[in-house]
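This report concerns only the one structure given below.
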2 protein chains.
Amino acid sequence: MTRWTLPPDRIPSAWYNVLPRFETPMDPPLHPGTRQPIGPDDLAPLFPMGLILQEVSSDPWIDIPGDVLDILRLWRPTPLVRAVRLEQALGTPARIYFKDESVSPAGSHKPNTAVPQAYYNKVEGITRLTTETGAGQWGTALSFACAQFDMDCLVYMVRTSFESKPYRKIMMQTWGAQCVPSPVDDPSHPGSLGSAITDAVRDAVGRDDTHYALGSVLNHVLLHQTVIGLEAREQLELAGERLPDVVIAPCGGGSNLGGVALPFYEDPSVRLVAVEPSSCPTLTEGRFEYDFGDTGGMTPLLPMYTLGHDFIPPTIHAGGLRYHGDAPIVSKLVHDGRMEAVAYPQGKVFEAALLFARAEGKIPAPEAAHGIRAAIDEALAAKETGEEKVILFNYCGHGHLDLQAYDDYLSGRLMD
Amino acid sequence: MTRWTLPPDRIPSAWYNVLPRFETPMDPPLHPGTRQPIGPDDLAPLFPMGLILQEVSSDPWIDIPGDVLDILRLWRPTPLVRAVRLEQALGTPARIYFKDESVSPAGSHKPNTAVPQAYYNKVEGITRLTTETGAGQWGTALSFACAQFDMDCLVYMVRTSFESKPYRKIMMQTWGAQCVPSPVDDPSHPGSLGSAITDAVRDAVGRDDTHYALGSVLNHVLLHQTVIGLEAREQLELAGERLPDVVIAPCGGGSNLGGVALPFYEDPSVRLVAVEPSSCPTLTEGRFEYDFGDTGGMTPLLPMYTLGHDFIPPTIHAGGLRYHGDAPIVSKLVHDGRMEAVAYPQGKVFEAALLFARAEGKIPAPEAAHGIRAAIDEALAAKETGEEKVILFNYCGHGHLDLQAYDDYLSGRLMD
């Protein structure tokens, strides 16, 4: 067997909350104006109380509502796959596993949090959500979730992606959402995740029926993604495998990384590794300090690794990794020495993507390919030492809507 | 539960061969020159003997080779899903199930036969395969299969698709295959499946290291696809469900239809329904007679429903259904009265696709949406009569690379 599925009734029934398990508390978010710690009421114009309470919850486990489970079961549990053909191609004694999050309707891990976010807003009477999206993974996920709950959805898409990647926009529209380019007030600006957040927040603050939804960074987002790691633990056991030596995932804002890694936080033998693009090296070259989540300075200040909220990353194919900061939880793990970080240039990433695609048959999103690159390098290191290392990485999304990037790579047009 | 998975070790170990189960024998293929029945040797320049023998086999079950199973297990068994949310949206008492073939590497049912075709060629020493492709589903599938067996692959793609749908071409190249527009000798011709077959056959006949692979129509192709229906039967039982009242699938050449329907052939209570585009109405308006499989008249003459081998269907989004004929097995079933056929215009098909996408979260390929349209109409008929009908349809592929079609539909540019 090289693939372990679980029936839909074996989906985790509670999320793993890392907050009460930290030995030292997280630094609080600060109000953008007063620079004082913010309370739940400060967030109420943007988020429903159900999510705000999760943001600071001290419960070690948080039950997943039944209505959310019903929708997650459309694709969850996702398969755990042993990449035997990749191992053979590398000639490594390592055993490489990946969690296949590409099987969701939107093709990535993002619906894991889009569904509960839509749900908690819906039960508190909100009928419309706004959000930002880079490459479009998050925008499609929220569009899908809003369709499930009959809610309106408006997605501000980073303008360069809006213009160069029409397919994810059409996907959003197919699910009934509206998608507009950002920044809305400057048609000549290429945009960034930070500026699209500003647009979406401004819209939500201005309307009573509307809240804002964020696809990464915040504690509740990482919380919702922990189904990934929880399922992976169960499936590794099903496979008769020991705990992994290393758990790897790409890191943009940090949500898929948190999702697969946090359920291994309390196992000190398990190394946790974040992978980022060297063109947006937040964890490997950023500063750990308070910074805004958006470009316009409208969000609370968060304690995180950052390249500065006015940093506009170069246009790379892994649009989902173009963010100036990182989730406070991920930042704390790296700052505390519990998590490592590595950075790769695009060319090395696509080399890994192609090797994976030809061996395993699956064509990864450029974001996912960052994790594959690091997993391959861990496997090659194990080949040097002869170690039977167990590697787990998160295959966070497919590349069906990123094929232009492969064309660029194959024809030598891809730049590092 | 609304989704039934099976572990990879529960994959069927033998294909269901309908040929010896027919009460009357199939009419034989005829030599294109002599118009006499052809023998195995006539096909040897194009196909390996392993496949030629399957084409005429009288064994009721044919074992699936272990090396083939190992690759099919990368995604099989595929899930059986009950479309509860679609049922609710329709307000029908019918129970609607679909077999999700979109989870394969190439995103459709096509790899089910691409893998064994590559395998049987490989073991007989062939190192290179040629084929034709319309929208690209079959070309991507064969490219994937050839990558798994380290074989070269050259895909002749219908020129209109080659130019308007670059993504599937890039997918083929990502898996290491070569893709060229067809007809090769007339750059001003839009091409058709029939003319691309001519190109691919001519190439294969000219080289000793090369064979030709066909993605539909032939008996061995439908044979390989029967894993779909075999798994569906087992999963329906797992779901505590009775035999379906009706099994539905889109029909281009007939392979996904044969795959899901043939394992129900011997259950007379199960209606079998083929769905085709009204712009290429082979089964509903064609003649049942001997005709060539290709435009150029190079292939054997097959007993089938046909619109004439020189019929060039209008350009529609469901490129995989643009074929002038039908599989002889499917044609016999329809001619014998065992299978029904219906035809729909594009607009009705996309209306169904959108309803399905918003209810179930999955965006179907235009080809797959034909089956969804018919399933919805069966469910609406059951609503009229109050019948608790059990409907099974084959979800033969996702529409991630067909989103332009959705944009056309949503913006009112789609033509019937």
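Numbering starts fresh at 1 for the residues of each chain in the structure tokens, the chains themselves are lettered A, B, ... in the order given, and ligands are numbered from 1 as they appear.
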
Which residues of chain A come within 7 Å of chain B, and what is each one's closest atom pair and distance in Å (one decimal), counting only C-alpha atoms, sorted by chain and residue number, as CSV?
residue,atom,partner,partner_atom,distance
A:Met1,CA,B:Pro8,CA,6.7
A:Arg3,CA,B:Pro8,CA,6.7
A:Trp4,CA,B:Pro7,CA,6.8
A:Thr5,CA,B:Pro7,CA,6.2
A:Pro7,CA,B:Thr5,CA,6.2
A:Pro8,CA,B:Arg3,CA,6.7
A:Asp9,CA,B:Met1,CA,6.9
A:Pro105,CA,B:Lys362,CA,5.4
A:Phe144,CA,B:Gly361,CA,6.3
A:Ala147,CA,B:Arg358,CA,5.9
A:Gln148,CA,B:Ala359,CA,6.8
A:Tyr167,CA,B:Leu403,CA,5.9
A:Ile170,CA,B:Asp407,CA,5.9
A:Met171,CA,B:Leu403,CA,6.8
A:Thr174,CA,B:Leu354,CA,6.6
A:Trp175,CA,B:Arg358,CA,5.4
A:Leu354,CA,B:Thr174,CA,6.6
A:Ala357,CA,B:Trp175,CA,6.7
A:Arg358,CA,B:Trp175,CA,5.3
A:Ala359,CA,B:Gln148,CA,6.8
A:Gly361,CA,B:Pro105,CA,5.5
A:Lys362,CA,B:Pro105,CA,5.4
A:His400,CA,B:His400,CA,6.4
A:Leu401,CA,B:His400,CA,6.9
A:Leu403,CA,B:Tyr167,CA,5.9
A:Tyr406,CA,B:Thr174,CA,6.8
A:Asp407,CA,B:Ile170,CA,5.9

What does the file look like for those residues with C-alpha atoms, as a short mmCIF file (atom, residue, chain, number, x, y, z; two decimals), in the first residue's frame?
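This went into result.cif:
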data_model
loop_
_atom_site.label_atom_id
_atom_site.label_comp_id
_atom_site.auth_asym_id
_atom_site.auth_seq_id
_atom_site.Cartn_x
_atom_site.Cartn_y
_atom_site.Cartn_z
CA MET A 1 0.00 0.00 0.00
CA ARG A 3 -1.90 5.50 -0.16
CA TRP A 4 -3.97 5.63 2.99
CA THR A 5 -7.50 6.92 2.83
CA PRO A 7 -13.70 7.12 5.39
CA PRO A 8 -15.54 10.45 5.82
CA ASP A 9 -16.73 9.45 9.30
CA PRO A 105 -13.03 21.60 -4.49
CA PHE A 144 -16.82 27.88 -2.68
CA ALA A 147 -21.80 29.17 -2.14
CA GLN A 148 -22.34 26.39 0.37
CA TYR A 167 -8.88 31.07 -14.63
CA ILE A 170 -13.65 32.46 -13.49
CA MET A 171 -13.69 29.72 -10.85
CA THR A 174 -18.66 29.96 -11.31
CA TRP A 175 -19.32 29.62 -7.58
CA LEU A 354 9.02 18.45 -12.58
CA ALA A 357 5.24 15.35 -11.53
CA ARG A 358 6.98 12.73 -13.65
CA ALA A 359 7.47 10.31 -10.74
CA GLY A 361 1.93 11.90 -11.72
CA LYS A 362 0.67 14.92 -9.82
CA HIS A 400 -3.79 22.85 -12.84
CA LEU A 401 -4.26 26.61 -12.98
CA LEU A 403 0.55 25.55 -16.03
CA TYR A 406 5.59 25.16 -16.20
CA ASP A 407 5.64 26.42 -19.77
#

**Prompt:** Could you write out, as a ChimeraX atom specification, all the residues of region 212-296 of chain A that DSSP marks as alpha helix (DSSP H)?
**Reply:** /A:219-225,227-238,255-261,282-285

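When only C-alpha atoms are used to measure the gap to Pro345 (chain B), the shortest distance among B:Pro314, B:Gly91, B:Gly258, B:Gly134 belongs to B:Pro314.
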
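Going from CA of Pro77 (chain A) to CA of Ala327 (chain A) covers 24.8 Å.
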
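Taking only C-alpha atoms, the non-local environment of region 181-195 of chain B within 6 Å (same-chain residues fewer than 5 positions away omitted) comprises B:Gly134, B:Tyr156, B:Met157, B:Val158, B:Arg159, B:Thr160, B:Phe162, B:Asp294, B:Thr295.
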
Restrict the selected residues to N, CA and C atoms and save them as a PDB file, in the first residue's frame.
ATOM      1  N   GLY B 134      -8.289  15.437 -28.688  1.00  0.00           N
ATOM      2  CA  GLY B 134      -9.175  16.550 -29.036  1.00  0.00           C
ATOM      3  C   GLY B 134      -8.952  17.680 -28.065  1.00  0.00           C
ATOM      4  N   TYR B 156      -0.708  14.114 -31.373  1.00  0.00           N
ATOM      5  CA  TYR B 156      -1.248  14.989 -32.412  1.00  0.00           C
ATOM      6  C   TYR B 156      -2.546  15.591 -31.882  1.00  0.00           C
ATOM      7  N   MET B 157      -2.524  16.901 -31.677  1.00  0.00           N
ATOM      8  CA  MET B 157      -3.674  17.554 -31.055  1.00  0.00           C
ATOM      9  C   MET B 157      -4.475  18.316 -32.110  1.00  0.00           C
ATOM     10  N   VAL B 158      -5.788  18.152 -32.088  1.00  0.00           N
ATOM     11  CA  VAL B 158      -6.664  18.877 -33.014  1.00  0.00           C
ATOM     12  C   VAL B 158      -6.299  20.365 -32.974  1.00  0.00           C
ATOM     13  N   ARG B 159      -6.023  20.945 -34.135  1.00  0.00           N
ATOM     14  CA  ARG B 159      -5.415  22.275 -34.176  1.00  0.00           C
ATOM     15  C   ARG B 159      -6.208  23.341 -33.407  1.00  0.00           C
ATOM     16  N   THR B 160      -7.524  23.368 -33.546  1.00  0.00           N
ATOM     17  CA  THR B 160      -8.292  24.400 -32.825  1.00  0.00           C
ATOM     18  C   THR B 160      -8.037  24.317 -31.325  1.00  0.00           C
ATOM     19  N   PHE B 162      -5.366  22.894 -29.900  1.00  0.00           N
ATOM     20  CA  PHE B 162      -3.938  23.186 -29.690  1.00  0.00           C
ATOM     21  C   PHE B 162      -3.749  24.690 -29.519  1.00  0.00           C
ATOM     22  N   ASP B 294     -11.284   6.958 -38.740  1.00  0.00           N
ATOM     23  CA  ASP B 294     -10.592   8.240 -38.949  1.00  0.00           C
ATOM     24  C   ASP B 294     -11.115   8.917 -40.216  1.00  0.00           C
ATOM     25  N   THR B 295     -10.682  10.148 -40.411  1.00  0.00           N
ATOM     26  CA  THR B 295     -11.110  10.916 -41.574  1.00  0.00           C
ATOM     27  C   THR B 295     -10.443  10.420 -42.852  1.00  0.00           C
TER      28      THR B 295
END

I'd like the contact shell of region 261-278 of chain B - 9 Å cut-off, only C-alpha atoms, skipping same-chain residues fewer than 3 positions apart - returned as a tab-separated table (two decimals) with C-alpha atoms, in the first residue's frame.
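Wrote it out as part.tsv, contents follow:
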chain	number	residue	atom	x	y	z
B	16	TYR	CA	-15.14	-7.19	-16.98
B	17	ASN	CA	-15.30	-8.40	-20.58
B	18	VAL	CA	-18.75	-7.95	-22.09
B	21	ARG	CA	-21.80	-12.18	-22.61
B	222	LEU	CA	-13.84	-0.02	-22.94
B	223	LEU	CA	-12.60	-3.18	-21.23
B	226	THR	CA	-14.78	-1.29	-16.55
B	227	VAL	CA	-12.93	-0.73	-13.26
B	228	ILE	CA	-15.26	2.28	-12.94
B	229	GLY	CA	-18.48	0.29	-12.91
B	230	LEU	CA	-17.00	-2.60	-10.94
B	233	ARG	CA	-21.16	-1.72	-7.72
B	243	LEU	CA	-28.89	-1.54	-7.84
B	244	PRO	CA	-29.36	1.77	-9.66
B	245	ASP	CA	-32.48	2.29	-11.76
B	246	VAL	CA	-30.43	4.14	-14.33
B	247	VAL	CA	-26.71	4.47	-15.17
B	248	ILE	CA	-25.77	7.59	-17.13
B	249	ALA	CA	-22.60	8.78	-18.84
B	250	PRO	CA	-21.57	11.17	-21.59
B	251	CYS	CA	-20.63	9.55	-24.87
B	252	GLY	CA	-17.95	10.77	-27.27
B	254	GLY	CA	-17.93	5.73	-25.62
B	256	ASN	CA	-16.27	6.31	-19.98
B	257	LEU	CA	-19.83	5.26	-20.79
B	258	GLY	CA	-18.76	1.68	-21.40
B	281	PRO	CA	-25.65	13.47	-32.50
B	282	THR	CA	-24.12	10.15	-33.53
B	283	LEU	CA	-26.36	7.80	-31.54
B	284	THR	CA	-29.54	9.83	-31.82
B	316	ILE	CA	-18.07	23.09	-28.94
B	318	ALA	CA	-16.92	19.49	-24.96
B	321	LEU	CA	-17.46	14.49	-27.56
B	322	ARG	CA	-16.63	15.72	-31.07
B	330	VAL	CA	-21.87	1.03	-27.43
B	334	VAL	CA	-28.04	0.97	-28.62
B	338	ARG	CA	-30.20	-2.37	-24.37
B	339	MET	CA	-29.01	1.27	-24.14
B	340	GLU	CA	-30.83	4.57	-24.64
B	341	ALA	CA	-29.36	7.79	-26.00
B	342	VAL	CA	-30.25	11.46	-25.45
B	343	ALA	CA	-28.75	14.64	-26.86
B	344	TYR	CA	-28.48	18.13	-25.33
B	345	PRO	CA	-27.43	21.56	-26.61
B	346	GLN	CA	-24.50	23.31	-24.87
B	349	VAL	CA	-25.45	21.40	-20.35
B	367	GLU	CA	-17.98	16.48	-21.30
B	370	HIS	CA	-23.53	16.19	-20.29
B	371	GLY	CA	-23.98	13.30	-17.87
B	373	ARG	CA	-27.62	17.27	-17.31
B	374	ALA	CA	-29.22	13.88	-17.96
B	416	ASP	CA	-25.78	26.27	-28.70

Strand (DSSP E) per DSSP on the backbone: members of region 98-281 of chain A, as a compact mmCIF listing (two decimals) with all heavy atoms, in the first residue's frame:
# COMPACT_ATOMS: atom_id res chain seq x y z
N PHE A 98 3.38 12.31 1.71
CA PHE A 98 2.78 13.63 1.61
C PHE A 98 1.28 13.56 1.85
O PHE A 98 0.62 12.55 1.57
CB PHE A 98 3.09 14.32 0.26
CG PHE A 98 2.52 13.65 -0.97
CD1 PHE A 98 1.26 13.98 -1.45
CD2 PHE A 98 3.28 12.73 -1.67
CE1 PHE A 98 0.75 13.38 -2.60
CE2 PHE A 98 2.78 12.11 -2.82
CZ PHE A 98 1.52 12.44 -3.29
N LYS A 99 0.77 14.64 2.43
CA LYS A 99 -0.66 14.77 2.69
C LYS A 99 -1.24 15.51 1.51
O LYS A 99 -0.82 16.64 1.19
CB LYS A 99 -0.84 15.55 3.99
CG LYS A 99 -2.25 15.68 4.48
CD LYS A 99 -2.82 14.37 4.98
CE LYS A 99 -4.18 14.63 5.63
NZ LYS A 99 -5.02 13.43 5.61
N ASP A 100 -2.23 14.91 0.82
CA ASP A 100 -2.71 15.45 -0.45
C ASP A 100 -3.92 16.38 -0.25
O ASP A 100 -5.06 15.95 -0.33
CB ASP A 100 -3.06 14.31 -1.40
CG ASP A 100 -3.42 14.83 -2.78
OD1 ASP A 100 -3.41 16.07 -2.97
OD2 ASP A 100 -3.73 14.02 -3.66
N ARG A 128 -22.58 38.67 3.89
CA ARG A 128 -21.64 39.02 2.82
C ARG A 128 -20.22 39.04 3.39
O ARG A 128 -19.99 39.59 4.48
CB ARG A 128 -22.02 40.40 2.27
CG ARG A 128 -21.11 40.96 1.16
CD ARG A 128 -21.68 42.27 0.63
NE ARG A 128 -20.83 42.89 -0.37
CZ ARG A 128 -19.86 43.77 -0.09
NH1 ARG A 128 -19.64 44.14 1.16
NH2 ARG A 128 -19.14 44.30 -1.06
N LEU A 129 -19.28 38.45 2.67
CA LEU A 129 -17.88 38.45 3.09
C LEU A 129 -17.01 39.10 2.03
O LEU A 129 -17.26 38.95 0.83
CB LEU A 129 -17.38 37.02 3.35
CG LEU A 129 -17.98 36.28 4.55
CD1 LEU A 129 -17.43 34.86 4.64
CD2 LEU A 129 -17.68 37.03 5.86
N THR A 130 -15.98 39.82 2.48
CA THR A 130 -14.96 40.32 1.56
C THR A 130 -13.63 39.68 1.93
O THR A 130 -13.42 39.27 3.06
CB THR A 130 -14.78 41.85 1.66
OG1 THR A 130 -14.27 42.17 2.96
CG2 THR A 130 -16.07 42.58 1.42
N THR A 131 -12.77 39.59 0.94
CA THR A 131 -11.43 39.10 1.23
C THR A 131 -10.48 39.54 0.14
O THR A 131 -10.90 40.14 -0.87
CB THR A 131 -11.40 37.57 1.36
OG1 THR A 131 -10.17 37.19 2.00
CG2 THR A 131 -11.50 36.88 0.01
N GLU A 132 -9.20 39.25 0.36
CA GLU A 132 -8.18 39.49 -0.66
C GLU A 132 -7.70 38.14 -1.18
O GLU A 132 -7.87 37.12 -0.53
CB GLU A 132 -6.98 40.22 -0.04
CG GLU A 132 -6.01 39.33 0.73
CD GLU A 132 -6.64 38.74 1.99
OE1 GLU A 132 -7.57 39.39 2.52
OE2 GLU A 132 -6.25 37.65 2.42
N THR A 133 -7.10 38.14 -2.35
CA THR A 133 -6.44 36.92 -2.82
C THR A 133 -5.26 37.30 -3.70
O THR A 133 -5.28 38.34 -4.37
CB THR A 133 -7.44 36.02 -3.58
OG1 THR A 133 -6.94 34.69 -3.61
CG2 THR A 133 -7.66 36.48 -5.02
N ASP A 152 -23.10 36.13 -0.01
CA ASP A 152 -22.40 36.89 -1.05
C ASP A 152 -20.91 36.94 -0.73
O ASP A 152 -20.51 36.92 0.44
CB ASP A 152 -22.96 38.32 -1.13
CG ASP A 152 -24.37 38.34 -1.67
OD1 ASP A 152 -24.73 37.42 -2.42
OD2 ASP A 152 -25.13 39.27 -1.31
N CYS A 153 -20.11 37.07 -1.77
CA CYS A 153 -18.66 37.06 -1.58
C CYS A 153 -18.02 38.02 -2.59
O CYS A 153 -18.31 37.93 -3.78
CB CYS A 153 -18.13 35.64 -1.78
SG CYS A 153 -16.37 35.45 -1.50
N LEU A 154 -17.19 38.94 -2.09
CA LEU A 154 -16.47 39.85 -2.97
C LEU A 154 -14.97 39.69 -2.72
O LEU A 154 -14.50 39.87 -1.60
CB LEU A 154 -16.89 41.31 -2.72
CG LEU A 154 -16.09 42.37 -3.48
CD1 LEU A 154 -16.07 42.11 -4.99
CD2 LEU A 154 -16.65 43.76 -3.21
N VAL A 155 -14.25 39.33 -3.78
CA VAL A 155 -12.82 39.05 -3.66
C VAL A 155 -12.01 40.15 -4.33
O VAL A 155 -12.21 40.42 -5.52
CB VAL A 155 -12.48 37.69 -4.30
CG1 VAL A 155 -10.98 37.40 -4.17
CG2 VAL A 155 -13.31 36.56 -3.69
N TYR A 156 -11.12 40.79 -3.57
CA TYR A 156 -10.17 41.75 -4.14
C TYR A 156 -8.91 40.97 -4.52
O TYR A 156 -8.23 40.44 -3.66
CB TYR A 156 -9.85 42.85 -3.12
CG TYR A 156 -11.04 43.73 -2.81
CD1 TYR A 156 -11.92 43.43 -1.77
CD2 TYR A 156 -11.29 44.87 -3.58
CE1 TYR A 156 -13.02 44.23 -1.51
CE2 TYR A 156 -12.38 45.67 -3.33
CZ TYR A 156 -13.25 45.35 -2.29
OH TYR A 156 -14.34 46.15 -2.03
N MET A 157 -8.65 40.91 -5.82
CA MET A 157 -7.54 40.09 -6.30
C MET A 157 -6.36 40.99 -6.69
O MET A 157 -6.55 42.00 -7.36
CB MET A 157 -7.99 39.27 -7.51
CG MET A 157 -6.99 38.22 -7.97
SD MET A 157 -7.76 37.09 -9.19
CE MET A 157 -6.43 35.88 -9.38
N VAL A 158 -5.16 40.62 -6.25
CA VAL A 158 -3.96 41.37 -6.61
C VAL A 158 -3.95 41.57 -8.13
O VAL A 158 -4.09 40.61 -8.89
CB VAL A 158 -2.70 40.61 -6.15
CG1 VAL A 158 -1.43 41.30 -6.64
CG2 VAL A 158 -2.69 40.46 -4.64
N GLN A 178 -18.05 37.52 -6.67
CA GLN A 178 -17.61 38.64 -7.50
C GLN A 178 -16.12 38.82 -7.25
O GLN A 178 -15.64 38.65 -6.12
CB GLN A 178 -18.38 39.89 -7.07
CG GLN A 178 -18.48 40.98 -8.11
CD GLN A 178 -19.08 42.26 -7.54
OE1 GLN A 178 -19.79 42.22 -6.53
NE2 GLN A 178 -18.78 43.39 -8.17
N CYS A 179 -15.37 39.19 -8.30
CA CYS A 179 -13.91 39.33 -8.16
C CYS A 179 -13.48 40.61 -8.87
O CYS A 179 -13.81 40.81 -10.04
CB CYS A 179 -13.23 38.10 -8.77
SG CYS A 179 -11.42 38.17 -8.76
N VAL A 180 -12.76 41.49 -8.15
CA VAL A 180 -12.31 42.76 -8.74
C VAL A 180 -10.81 42.92 -8.49
O VAL A 180 -10.28 42.39 -7.52
CB VAL A 180 -13.07 43.97 -8.13
CG1 VAL A 180 -14.55 43.89 -8.48
CG2 VAL A 180 -12.87 44.04 -6.63
N PRO A 181 -10.12 43.69 -9.37
CA PRO A 181 -8.67 43.87 -9.18
C PRO A 181 -8.36 44.88 -8.08
O PRO A 181 -9.12 45.83 -7.88
CB PRO A 181 -8.20 44.38 -10.55
CG PRO A 181 -9.40 45.01 -11.17
CD PRO A 181 -10.60 44.30 -10.62
N SER A 182 -7.25 44.68 -7.40
CA SER A 182 -6.81 45.57 -6.33
C SER A 182 -5.38 46.01 -6.58
O SER A 182 -4.59 45.22 -7.09
CB SER A 182 -6.91 44.84 -4.98
OG SER A 182 -6.22 45.54 -3.97
N THR A 210 -21.61 42.99 6.36
CA THR A 210 -20.38 42.44 5.78
C THR A 210 -19.28 42.27 6.82
O THR A 210 -19.06 43.15 7.66
CB THR A 210 -19.87 43.39 4.67
OG1 THR A 210 -20.88 43.51 3.67
CG2 THR A 210 -18.59 42.86 4.05
N HIS A 211 -18.61 41.14 6.75
CA HIS A 211 -17.38 40.93 7.50
C HIS A 211 -16.25 40.63 6.54
O HIS A 211 -16.46 40.45 5.34
CB HIS A 211 -17.53 39.78 8.50
CG HIS A 211 -18.04 40.21 9.85
ND1 HIS A 211 -18.54 39.30 10.77
CD2 HIS A 211 -18.13 41.43 10.43
CE1 HIS A 211 -18.91 39.96 11.87
NE2 HIS A 211 -18.69 41.24 11.69
N TYR A 212 -15.06 40.58 7.12
CA TYR A 212 -13.86 40.31 6.36
C TYR A 212 -13.36 38.90 6.71
O TYR A 212 -13.54 38.45 7.85
CB TYR A 212 -12.82 41.37 6.72
CG TYR A 212 -11.42 41.05 6.29
CD1 TYR A 212 -11.06 41.07 4.94
CD2 TYR A 212 -10.44 40.74 7.23
CE1 TYR A 212 -9.77 40.77 4.56
CE2 TYR A 212 -9.14 40.44 6.85
CZ TYR A 212 -8.81 40.46 5.52
OH TYR A 212 -7.55 40.15 5.13
N VAL A 246 10.89 14.58 10.21
CA VAL A 246 10.78 15.98 9.80
C VAL A 246 9.44 16.21 9.10
O VAL A 246 8.99 15.37 8.32
CB VAL A 246 11.98 16.39 8.90
CG1 VAL A 246 12.08 15.48 7.68
CG2 VAL A 246 11.88 17.84 8.48
N VAL A 247 8.80 17.32 9.44
CA VAL A 247 7.54 17.73 8.81
C VAL A 247 7.79 19.05 8.09
O VAL A 247 8.30 20.01 8.69
CB VAL A 247 6.41 17.91 9.84
CG1 VAL A 247 5.15 18.46 9.19
CG2 VAL A 247 6.12 16.59 10.55
N ILE A 248 7.46 19.08 6.80
CA ILE A 248 7.84 20.18 5.92
C ILE A 248 6.61 20.78 5.27
O ILE A 248 5.71 20.06 4.84
CB ILE A 248 8.78 19.65 4.80
CG1 ILE A 248 10.08 19.11 5.41
CG2 ILE A 248 9.06 20.72 3.75
CD1 ILE A 248 10.92 18.31 4.43
N ALA A 249 6.58 22.11 5.14
CA ALA A 249 5.52 22.73 4.34
C ALA A 249 5.99 24.10 3.87
O ALA A 249 6.79 24.76 4.53
CB ALA A 249 4.24 22.87 5.16
N PRO A 250 5.46 24.53 2.71
CA PRO A 250 5.73 25.88 2.25
C PRO A 250 5.10 26.88 3.20
O PRO A 250 4.11 26.57 3.87
CB PRO A 250 5.06 25.94 0.88
CG PRO A 250 4.12 24.80 0.84
CD PRO A 250 4.60 23.78 1.79
N ARG A 271 11.30 17.37 13.73
CA ARG A 271 11.73 18.69 13.24
C ARG A 271 10.60 19.29 12.41
O ARG A 271 9.94 18.60 11.63
CB ARG A 271 12.97 18.56 12.36
CG ARG A 271 14.25 18.19 13.11
CD ARG A 271 15.35 17.82 12.12
NE ARG A 271 15.51 18.86 11.08
CZ ARG A 271 15.82 18.62 9.81
NH1 ARG A 271 16.00 17.37 9.39
NH2 ARG A 271 15.95 19.62 8.96
N LEU A 272 10.40 20.59 12.57
CA LEU A 272 9.38 21.30 11.79
C LEU A 272 10.10 22.29 10.87
O LEU A 272 10.93 23.07 11.34
CB LEU A 272 8.42 22.05 12.72
CG LEU A 272 7.79 21.22 13.87
CD1 LEU A 272 6.92 22.11 14.74
CD2 LEU A 272 7.00 20.05 13.32
N VAL A 273 9.79 22.25 9.56
CA VAL A 273 10.56 23.06 8.60
C VAL A 273 9.62 23.90 7.72
O VAL A 273 8.75 23.35 7.04
CB VAL A 273 11.45 22.17 7.71
CG1 VAL A 273 12.18 23.02 6.67
CG2 VAL A 273 12.47 21.42 8.56
N ALA A 274 9.83 25.20 7.73
CA ALA A 274 9.13 26.13 6.86
C ALA A 274 9.96 26.37 5.60
O ALA A 274 11.17 26.54 5.69
CB ALA A 274 8.89 27.45 7.58
N VAL A 275 9.29 26.41 4.43
CA VAL A 275 10.00 26.65 3.17
C VAL A 275 9.44 27.89 2.52
O VAL A 275 8.22 28.00 2.32
CB VAL A 275 9.87 25.45 2.21
CG1 VAL A 275 10.84 25.59 1.05
CG2 VAL A 275 10.07 24.13 2.94
N GLU A 276 10.31 28.83 2.17
CA GLU A 276 9.83 30.08 1.57
C GLU A 276 10.64 30.39 0.32
O GLU A 276 11.71 29.83 0.10
CB GLU A 276 9.91 31.22 2.59
CG GLU A 276 11.30 31.45 3.16
CD GLU A 276 11.29 32.53 4.26
OE1 GLU A 276 10.21 32.84 4.79
OE2 GLU A 276 12.37 33.07 4.55
N PRO A 277 10.12 31.30 -0.54
CA PRO A 277 10.88 31.68 -1.73
C PRO A 277 12.01 32.65 -1.33
O PRO A 277 11.80 33.50 -0.46
CB PRO A 277 9.84 32.38 -2.60
CG PRO A 277 8.76 32.81 -1.67
CD PRO A 277 8.81 31.95 -0.46
